[in-house]
Amino acid sequence: MNKIILIGNLTRDPELKTTPNGYSVCEFTIAVNDRNARRQQNGQESAQFFRISAWRQLGENCQRYLTKGSKVFVSGPLTARTYQANDGTTRVSLEVQADDVEFLSSRNDDNMTGGYA
């Protein structure tokens, strides 16, 4: 079984693209804080970054409702892809093909002043 579960924040606004076959795919990256004390640097938590792709209606909803900084829950299979960088080195890119994306922050979070809306 290949399934990863992540909770993190978007590092940039999601990008919606359409494949030549007409399918929608939304791509975004999330930062997941690493709370392991051994990995903390200068008293701050370090983060791991994951590329996410969400297809069809799920992707369209992600593009419509998510923005940079949004907190999300993502689950799906993790895929490793190798490629040659411009400097000739072989690199690995990790990507999650989202089966489920749950929006954990509301659209009004940045407008709230600490109370209930």
# chains A, B, ... in the order shown; residues from 1 in each chain; ligands from 1

$ residues_around --residues "region 76-84 of chain A" --least-positions-apart "3" --cutoff "7 Å" --atoms "only C-alpha atoms" --output "PyMOL selection string"
chain A and resi 2-5+88-100

$ select_by_dssp --residues "chain A" --states "strand (DSSP E or B)" --output "PyMOL selection string"
chain A and resi 4-10+15-18+24-34+41+44+46-55+71-76+78-84+90-97+100-103

$ write_last_selection --atoms "C-alpha atoms" --output "mmCIF file, in the first residue's frame"
data_model
loop_
_atom_site.group_PDB
_atom_site.id
_atom_site.type_symbol
_atom_site.label_atom_id
_atom_site.label_comp_id
_atom_site.auth_asym_id
_atom_site.auth_seq_id
_atom_site.Cartn_x
_atom_site.Cartn_y
_atom_site.Cartn_z
ATOM 1 C CA ILE A 4 0.828 9.353 2.551
ATOM 2 C CA ILE A 5 -1.090 11.703 4.828
ATOM 3 C CA LEU A 6 0.090 15.311 5.164
ATOM 4 C CA ILE A 7 -1.062 18.509 6.846
ATOM 5 C CA GLY A 8 0.660 21.673 5.733
ATOM 6 C CA ASN A 9 0.403 25.140 4.250
ATOM 7 C CA LEU A 10 0.502 26.135 0.591
ATOM 8 C CA GLU A 15 -1.992 26.545 -10.705
ATOM 9 C CA LEU A 16 -4.754 24.937 -12.768
ATOM 10 C CA LYS A 17 -3.815 23.418 -16.128
ATOM 11 C CA THR A 18 -5.701 21.395 -18.721
ATOM 12 C CA SER A 24 -8.039 19.546 -15.310
ATOM 13 C CA VAL A 25 -5.032 19.218 -13.021
ATOM 14 C CA CYS A 26 -4.154 21.591 -10.201
ATOM 15 C CA GLU A 27 -0.576 21.725 -8.949
ATOM 16 C CA PHE A 28 0.639 23.271 -5.712
ATOM 17 C CA THR A 29 3.306 22.786 -3.062
ATOM 18 C CA ILE A 30 2.786 22.459 0.676
ATOM 19 C CA ALA A 31 5.243 22.940 3.517
ATOM 20 C CA VAL A 32 4.940 20.454 6.379
ATOM 21 C CA ASN A 33 6.596 21.472 9.644
ATOM 22 C CA ASP A 34 9.019 18.946 11.088
ATOM 23 C CA GLN A 41 17.726 24.762 13.372
ATOM 24 C CA GLN A 44 12.972 27.215 14.514
ATOM 25 C CA SER A 46 12.370 22.988 9.728
ATOM 26 C CA ALA A 47 9.932 22.044 6.987
ATOM 27 C CA GLN A 48 9.606 19.417 4.279
ATOM 28 C CA PHE A 49 8.114 20.441 0.929
ATOM 29 C CA PHE A 50 5.796 18.239 -1.148
ATOM 30 C CA ARG A 51 4.470 18.807 -4.653
ATOM 31 C CA ILE A 52 0.761 17.987 -4.915
ATOM 32 C CA SER A 53 -1.345 17.302 -8.000
ATOM 33 C CA ALA A 54 -5.138 17.147 -7.810
ATOM 34 C CA TRP A 55 -7.119 16.030 -10.842
ATOM 35 C CA LYS A 71 -3.756 25.016 5.608
ATOM 36 C CA VAL A 72 -4.753 21.694 3.995
ATOM 37 C CA PHE A 73 -4.964 17.975 4.702
ATOM 38 C CA VAL A 74 -3.793 15.885 1.723
ATOM 39 C CA SER A 75 -3.761 12.115 1.276
ATOM 40 C CA GLY A 76 -2.773 9.971 -1.684
ATOM 41 C CA LEU A 78 3.585 9.214 -3.105
ATOM 42 C CA THR A 79 5.535 9.019 -6.369
ATOM 43 C CA ALA A 80 9.281 9.527 -6.843
ATOM 44 C CA ARG A 81 10.490 10.790 -10.217
ATOM 45 C CA THR A 82 14.140 11.116 -11.237
ATOM 46 C CA TYR A 83 15.410 13.704 -13.686
ATOM 47 C CA GLN A 84 18.646 15.252 -14.908
ATOM 48 C CA THR A 90 20.474 13.216 -11.133
ATOM 49 C CA ARG A 91 17.762 14.509 -8.837
ATOM 50 C CA VAL A 92 14.616 13.057 -7.308
ATOM 51 C CA SER A 93 11.287 14.845 -7.082
ATOM 52 C CA LEU A 94 8.555 13.617 -4.717
ATOM 53 C CA GLU A 95 4.935 14.199 -5.723
ATOM 54 C CA VAL A 96 1.628 13.255 -4.123
ATOM 55 C CA GLN A 97 -1.311 12.550 -6.408
ATOM 56 C CA ASP A 100 -8.402 13.688 -0.879
ATOM 57 C CA VAL A 101 -7.822 17.362 -0.053
ATOM 58 C CA GLU A 102 -9.559 18.923 2.929
ATOM 59 C CA PHE A 103 -9.465 22.671 3.451
#

$ atom_distance --atom1 "CA of Leu104 (chain A)" --atom2 "CA of Arg12 (chain A)"
16.2 Å

$ select_by_dssp --residues "chain A" --states "alpha helix (DSSP H)" --output "short mmCIF file (atom, residue, chain, number, x, y, z; two decimals) with all heavy atoms, in the first residue's frame"
data_model
loop_
_atom_site.label_atom_id
_atom_site.label_comp_id
_atom_site.auth_asym_id
_atom_site.auth_seq_id
_atom_site.Cartn_x
_atom_site.Cartn_y
_atom_site.Cartn_z
N ARG A 56 -9.10 16.69 -12.02
CA ARG A 56 -10.51 16.87 -12.35
C ARG A 56 -11.21 17.84 -11.38
O ARG A 56 -10.69 18.91 -11.11
CB ARG A 56 -11.21 15.53 -12.43
CG ARG A 56 -10.63 14.64 -13.55
CD ARG A 56 -11.38 13.32 -13.64
NE ARG A 56 -10.88 12.49 -14.73
CZ ARG A 56 -9.86 11.64 -14.63
NH1 ARG A 56 -9.23 11.51 -13.47
NH2 ARG A 56 -9.47 10.95 -15.66
N GLN A 57 -12.38 17.46 -10.87
CA GLN A 57 -13.17 18.34 -10.01
C GLN A 57 -12.44 18.72 -8.73
O GLN A 57 -12.51 19.86 -8.27
CB GLN A 57 -14.52 17.70 -9.67
CG GLN A 57 -15.47 18.60 -8.92
CD GLN A 57 -15.92 19.79 -9.75
OE1 GLN A 57 -16.19 19.66 -10.93
NE2 GLN A 57 -15.97 20.96 -9.13
N LEU A 58 -11.69 17.77 -8.15
CA LEU A 58 -10.91 18.06 -6.95
C LEU A 58 -9.91 19.17 -7.23
O LEU A 58 -9.75 20.11 -6.44
CB LEU A 58 -10.20 16.81 -6.45
CG LEU A 58 -9.32 16.95 -5.21
CD1 LEU A 58 -10.14 17.43 -4.01
CD2 LEU A 58 -8.62 15.64 -4.89
N GLY A 59 -9.24 19.11 -8.36
CA GLY A 59 -8.28 20.14 -8.74
C GLY A 59 -8.93 21.48 -8.98
O GLY A 59 -8.39 22.53 -8.60
N GLU A 60 -10.09 21.47 -9.61
CA GLU A 60 -10.81 22.73 -9.85
C GLU A 60 -11.23 23.37 -8.53
O GLU A 60 -11.14 24.59 -8.38
CB GLU A 60 -12.01 22.47 -10.75
CG GLU A 60 -11.62 22.08 -12.16
CD GLU A 60 -12.79 21.61 -13.01
OE1 GLU A 60 -13.95 21.77 -12.58
OE2 GLU A 60 -12.53 21.08 -14.11
N ASN A 61 -11.66 22.57 -7.57
CA ASN A 61 -12.02 23.11 -6.25
C ASN A 61 -10.80 23.66 -5.52
O ASN A 61 -10.89 24.69 -4.85
CB ASN A 61 -12.72 22.05 -5.41
CG ASN A 61 -14.13 21.77 -5.88
OD1 ASN A 61 -14.76 22.61 -6.52
ND2 ASN A 61 -14.63 20.59 -5.57
N CYS A 62 -9.66 22.97 -5.65
CA CYS A 62 -8.44 23.47 -5.01
C CYS A 62 -8.05 24.83 -5.58
O CYS A 62 -7.72 25.75 -4.84
CB CYS A 62 -7.30 22.48 -5.21
SG CYS A 62 -7.45 20.98 -4.23
N GLN A 63 -8.11 24.97 -6.89
CA GLN A 63 -7.76 26.23 -7.52
C GLN A 63 -8.74 27.33 -7.11
O GLN A 63 -8.35 28.47 -6.89
CB GLN A 63 -7.73 26.07 -9.04
CG GLN A 63 -7.07 27.19 -9.79
CD GLN A 63 -7.98 28.37 -10.05
OE1 GLN A 63 -9.19 28.21 -10.22
NE2 GLN A 63 -7.41 29.56 -10.07
N ARG A 64 -10.00 26.99 -6.97
CA ARG A 64 -11.04 27.97 -6.65
C ARG A 64 -10.94 28.47 -5.21
O ARG A 64 -11.12 29.64 -4.94
CB ARG A 64 -12.42 27.35 -6.89
CG ARG A 64 -13.58 28.32 -6.70
CD ARG A 64 -14.92 27.69 -7.04
NE ARG A 64 -14.94 27.25 -8.42
CZ ARG A 64 -15.21 25.99 -8.82
NH1 ARG A 64 -15.49 25.07 -7.94
NH2 ARG A 64 -15.21 25.67 -10.09
N TYR A 65 -10.63 27.57 -4.25
CA TYR A 65 -10.75 27.92 -2.84
C TYR A 65 -9.43 28.07 -2.09
O TYR A 65 -9.42 28.57 -0.97
CB TYR A 65 -11.61 26.89 -2.12
CG TYR A 65 -13.03 26.87 -2.63
CD1 TYR A 65 -13.51 25.79 -3.35
CD2 TYR A 65 -13.88 27.95 -2.41
CE1 TYR A 65 -14.80 25.77 -3.84
CE2 TYR A 65 -15.18 27.94 -2.88
CZ TYR A 65 -15.64 26.85 -3.60
OH TYR A 65 -16.92 26.85 -4.08
#

$ atom_distance --atom1 "CA of Glu45 (chain A)" --atom2 "CA of Ser70 (chain A)"
18.5 Å
